[in-house]
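Note sheet for the following structure.
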Amino acid sequence: MKKKRLGEVLCERGNISAADLAKVLEEQQGKVIRLGELLLQRKLVSKNDLIAALTEVSNIQYVDCQRLSFTPEMVFLLPQALAKRCLALPVESDEKTLTVAMAEPQNLHLVDELRFQKGLKILPKFAFQSEVLAALERLYGTHEGWHSEIRLADDTTGMEFISSSAQERNVEAMREMQMELQQKSKTTPAVHLVAAMIKAAVAKKASDIHIEPQQSETAVRFRVDGILRDFQRIPRALQHSVASRVKILSDMNIAERRAPQDGRFLVKIGGRRVDLRVSTLPTQYGEKVVLRLLEGESPLKDFSELGIPKEMSLTMREILKLPQGMLLVTGPTGSGKSTTLYSCLNQIRRPAVNIVTVEDPVEYMVPGLNQVQVNVKAGLTFASCLRSVLRQDPDVVMVGEIRDIETAEIALKAAQTGHFVLSTLHTNDSISAVTRLLDLGVPGYQIGSGISAIIGQRLIRRLCSCRYSAAPTQEYIGTVTAAGIVDPPEVLHVANGCEARDFTGYRGRIGIYEMLRLNDALRQSMRSENHNDQMRILARNSGMKFMQEYALDLVRDGLTTLEEVQRVVAFNHISSEACESCARELSPTFAFCPFCGLKRHSWHLQMPAHRALTKREAVNE
């Protein structure tokens, strides 16, 4: 069936005569004006009759732009330049659809451009061009007034976004962003918001920025000192624009919103270089974006700056001088393992030493290191990469993480064949790392002969200077005594909270550590695949100080609180017995004392886990 034209429908309805229609069509020749608008100008048809005819012809609903009420969020549904180019007025939006009033709703090219730019289904409605233009002026003319309703940084000067050599595709877009930042009056909200949140995160010393889309708005949160804090809420309509800005900086595909992506970029703020690792994840309400901030100076920190005790620092330096062996660093995600490893590499780094790292991803870019990034899609796994690295004549190899038996066995064999290996494991403490390797299937004799030492670590929050002191309560004394402190502190240090630290009572973090240095007794225990408690007692007898004891020292010194220590550290209480002959701590499962050879018959519970060796015991050791 042939589609009717507007003039034919108006004639059939009796809204206009054939003679008047012919006269208007002749007048329209050579003019850039639509027939309906010309009819309204000549007052040959009423507006209501014209709307009814246009609806019948196009089957598209009419929107009266003059009656629309605008909200601050509507200005972010479409960029101003795009709206004026397409003569499209944003009306409303949900998770999948954007409704717009257009002067040319039948123009498929304009509809496709809107769909591509927004990544949403476009529902066009028609409106007269003069009405659309007037509404656009009314909507975007109040844009500056609505800026104040969104929390933006007062000052984004001194920021410089730096593209890497791999980011050639988006270099021009980054230059445009930089120019927009320098001209505040022309800066779009998304550009300003991204710059503002990065600068605020660096100022608060945050480790991560979370941009989380929700049903009615988008939440921005910072992880400061290991704890997530709310920073601000931004209009839901800005979610796609903010995510796109971050993806442009990170050299990601901005058109892909259905699959997770990873990227990174550098930013310089006041002379400080900050490396940002970016990850996106599709969620129910849109893309969740997480930016991890990595300070460029972190890998150059000394052991003392990390909070490693002096006696442990001396032992670590001795181990790092070994020609071969393995140093493992254990702890959960976010406990500072990578920073410790890079600090170790900084101690070793010199022109005479060939250092190769295998990481996923490369966290810090350090001069003098040959850093390789794992690429599973290309077949470059930790294990396959490690095999190739060992053919590159390395002196020191750093493996980002041991995840499987293949990587573990290659790393341990390398540690036994003239290479010094550093790596990490996700375990609760240093002794649990042995159990983890045994569970992976690594033989006990290989663990004992390959590993030189294992470090366990955590990060706990340090008390702010606004703290106050009080007399310890009986409950506090009982808790501290049960935790292992023989002489409870005479003063109770309490977190107070000040405006400078968002009333948390804490300022920064400090590391707590433990080091298991292997000796013959421990290696023998590993070969027999003994349990954790037996190795723990052997480690205690060799003079090892556990992580919880270092943490309780910080509580006594007023650097942190017991509540913070209990939040981070799992306290281990060991059931142990003492040998009648040499008084060494032993596990109840031992059949004889491995130190003096006395068979078990009347050992009894008498030694606490924190007991120090006597002078005679130290000499015998």
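The way I read the labels, and the way they are meant: chains A, B, ... in the order of the structure tokens, residue 1 as the first residue of every chain, and ligand 1 as the first ligand shown, with later ones counted on from there.
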
Name all residues at most 12 Å from Glu56 (chain A) (count only C-alpha atoms; drop same-chain ones fewer than 4 positions away) and give them as a CSV table (one decimal) with N, CA and C atoms, in the first residue's frame.
chain,number,residue,atom,x,y,z
A,3,LYS,N,2.3,4.8,0.7
A,3,LYS,CA,2.3,5.6,1.9
A,3,LYS,C,1.8,7.0,1.5
A,4,LYS,N,0.9,7.5,2.3
A,4,LYS,CA,0.3,8.9,1.9
A,4,LYS,C,1.3,9.9,2.4
A,5,ARG,N,1.2,11.1,1.7
A,5,ARG,CA,2.0,12.2,2.0
A,5,ARG,C,1.1,13.2,2.9
A,6,LEU,N,1.8,14.1,3.5
A,6,LEU,CA,1.2,15.0,4.5
A,6,LEU,C,0.1,15.9,3.8
A,7,GLY,N,0.4,16.4,2.6
A,7,GLY,CA,-0.6,17.2,1.9
A,7,GLY,C,-1.9,16.4,1.5
A,8,GLU,N,-1.7,15.1,1.1
A,8,GLU,CA,-2.9,14.3,0.8
A,8,GLU,C,-3.7,14.0,2.0
A,9,VAL,N,-3.1,13.8,3.1
A,9,VAL,CA,-3.9,13.5,4.4
A,9,VAL,C,-4.6,14.8,4.8
A,10,LEU,N,-4.0,16.0,4.7
A,10,LEU,CA,-4.7,17.2,5.0
A,10,LEU,C,-5.9,17.5,4.1
A,13,ARG,N,-8.8,15.1,5.0
A,13,ARG,CA,-9.4,15.4,6.2
A,13,ARG,C,-10.2,16.7,6.1
A,49,ASP,N,-4.7,20.3,13.9
A,49,ASP,CA,-4.9,19.5,12.7
A,49,ASP,C,-3.6,19.0,12.1
A,50,LEU,N,-2.6,19.9,12.1
A,50,LEU,CA,-1.3,19.5,11.5
A,50,LEU,C,-0.7,18.4,12.3
A,51,ILE,N,-0.7,18.4,13.6
A,51,ILE,CA,-0.2,17.4,14.5
A,51,ILE,C,-0.9,16.0,14.2
A,52,ALA,N,-2.2,16.0,14.1
A,52,ALA,CA,-2.9,14.8,13.8
A,52,ALA,C,-2.5,14.2,12.5
A,60,ILE,N,4.5,8.5,14.4
A,60,ILE,CA,5.4,8.9,15.5
A,60,ILE,C,4.7,9.9,16.4
A,61,GLN,N,4.8,9.8,17.7
A,61,GLN,CA,4.0,10.6,18.6
A,61,GLN,C,4.6,12.0,18.7
A,62,TYR,N,3.8,13.0,18.9
A,62,TYR,CA,4.2,14.4,19.0
A,62,TYR,C,4.5,14.7,20.5

* Which parts of region 437-584 of chain A does DSSP call helix (DSSP H, G or I) when run on the backbone here, written out as a count of residues only? -> 59

* Asked: Near Phe70 (chain A), counting only C-alpha atoms, which residues have an atom at most 9 Å away, once you skip same-chain residues fewer than 5 positions from it, shown as an MDAnalysis selection string?
  -> chainID A and resid 75 91 138:139

Output file for the selection above: all heavy atoms, as a compact mmCIF listing (two decimals), in the first residue's frame:
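Listed below is the output, selection-v2.txt:
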# COMPACT_ATOMS: atom_id res chain seq x y z
N VAL A 75 20.27 17.75 31.37
CA VAL A 75 21.31 18.36 30.55
C VAL A 75 22.43 17.37 30.25
O VAL A 75 23.20 17.55 29.30
CB VAL A 75 21.87 19.62 31.26
CG1 VAL A 75 22.77 19.23 32.42
CG2 VAL A 75 22.61 20.51 30.29
N VAL A 91 14.38 13.95 26.38
CA VAL A 91 13.13 14.03 27.14
C VAL A 91 13.21 13.21 28.42
O VAL A 91 12.98 13.70 29.51
CB VAL A 91 11.94 13.58 26.28
CG1 VAL A 91 10.64 13.58 27.10
CG2 VAL A 91 11.80 14.47 25.05
N ARG A 138 16.67 26.86 26.07
CA ARG A 138 16.19 26.95 27.46
C ARG A 138 16.89 25.91 28.35
O ARG A 138 17.25 26.19 29.49
CB ARG A 138 14.67 26.71 27.46
CG ARG A 138 14.00 26.94 28.80
CD ARG A 138 12.51 27.21 28.62
NE ARG A 138 11.84 26.20 27.83
CZ ARG A 138 11.17 25.17 28.36
NH1 ARG A 138 11.09 25.03 29.67
NH2 ARG A 138 10.58 24.31 27.58
N LEU A 139 17.11 24.70 27.78
CA LEU A 139 17.73 23.63 28.57
C LEU A 139 19.21 23.90 28.83
O LEU A 139 19.67 23.90 29.98
CB LEU A 139 17.56 22.29 27.83
CG LEU A 139 18.30 21.08 28.44
CD1 LEU A 139 17.78 20.77 29.84
CD2 LEU A 139 18.15 19.85 27.54

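When CA of Leu238 (chain A) is paired with CA of His109 (chain A), their separation reads 24.6 Å.
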
* To do: Excluding region 438-442 of chain A and any residue of its chain fewer than 4 positions from it, enumerate the residues within 12 Å of it, using only C-alpha atoms, and give them as a PyMOL selection string.
  => chain A and resi 402-413+425+431-434+446-450+526-532

* For region 363-375 of chain A: contacts at 12 Å, only C-alpha atoms, fewer than 4 positions along chain excluded, given as a PyMOL selection string -> chain A and resi 263-266+273-278+292-300+336-339+341-343+345-346+348-359+379-386+388-389+392-401

* To do: Write out as a list in words each polymer residue whose atoms come within 12 Å of Leu38 (chain A), counting only C-alpha atoms; drop sequence neighbours fewer than 3 positions from it.
  => Gly7, Asp20, Leu21, Lys23, Val24, Leu25, Glu26, Glu27, Gln28, Gln29, Lys31, Val32, Ile33, Arg34, Leu35, Gln41, Arg42, Lys43, Leu44, Val45, Ser46, Lys47, Leu50, Phe128, Gln129 and Ser130 of chain A

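Of the listed residues (A:His419, A:Arg85, A:Lys199, A:Arg458), A:His419 comes nearest to Gln324 (chain A); the distances count only C-alpha atoms.
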
* Could you give me the residues within region 215-353 of chain A that DSSP places in strand (DSSP E or B), as JSON, numbers by chain? => {"A": [217, 218, 219, 220, 221, 222, 223, 224, 227, 228, 229, 230, 231, 232, 233, 234, 235, 261, 262, 263, 264, 265, 266, 267, 268, 269, 272, 273, 274, 275, 276, 277, 278, 279, 280, 281, 282, 283, 286, 287, 288, 289, 290, 291, 292, 293, 294, 295, 325, 326, 327, 328, 329, 330]}

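Among the candidate residues A:Gln347, A:Thr333, A:Gln232, A:Thr315, the one lying nearest to Thr424 (chain A) is A:Thr333, with distances computed using only C-alpha atoms.
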
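Proximity to Leu133 (chain A) at 12 Å, evaluated using only C-alpha atoms and with sequence-adjacent residues fewer than 2 positions away removed, yields A:Cys65, A:Gln66, A:Gln80, A:Ala83, A:Lys84, A:Arg85, A:Cys86, A:Leu87, A:Ala88, A:Leu89, A:Ala101, A:Met102, A:Ala103, A:Ala127, A:Phe128, A:Gln129, A:Ser130, A:Glu131, A:Ala135, A:Leu136, A:Glu137, A:Arg138, A:Leu139, A:Tyr140, A:Gly141.
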
* Rounded to one decimal in Å, what is the spacing between CA of Ile454 (chain A) and CA of Met326 (chain A)? -> 8.4 Å

* **Atomic distance CA of Ser469 (chain A) - CA of Ile510 (chain A), expressed in Å with one decimal** => 20.3 Å

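Counting only C-alpha atoms, the residue from A:Glu256, A:Asp533, A:Asp225, A:Asp230 that sits nearest to Gly511 (chain A) is A:Asp225.
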
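Proximity ranking of A:Gly325, A:Pro361, A:Gly307, A:Pro332 relative to Asp262 (chain A) places A:Pro361 first, based on only C-alpha atoms.
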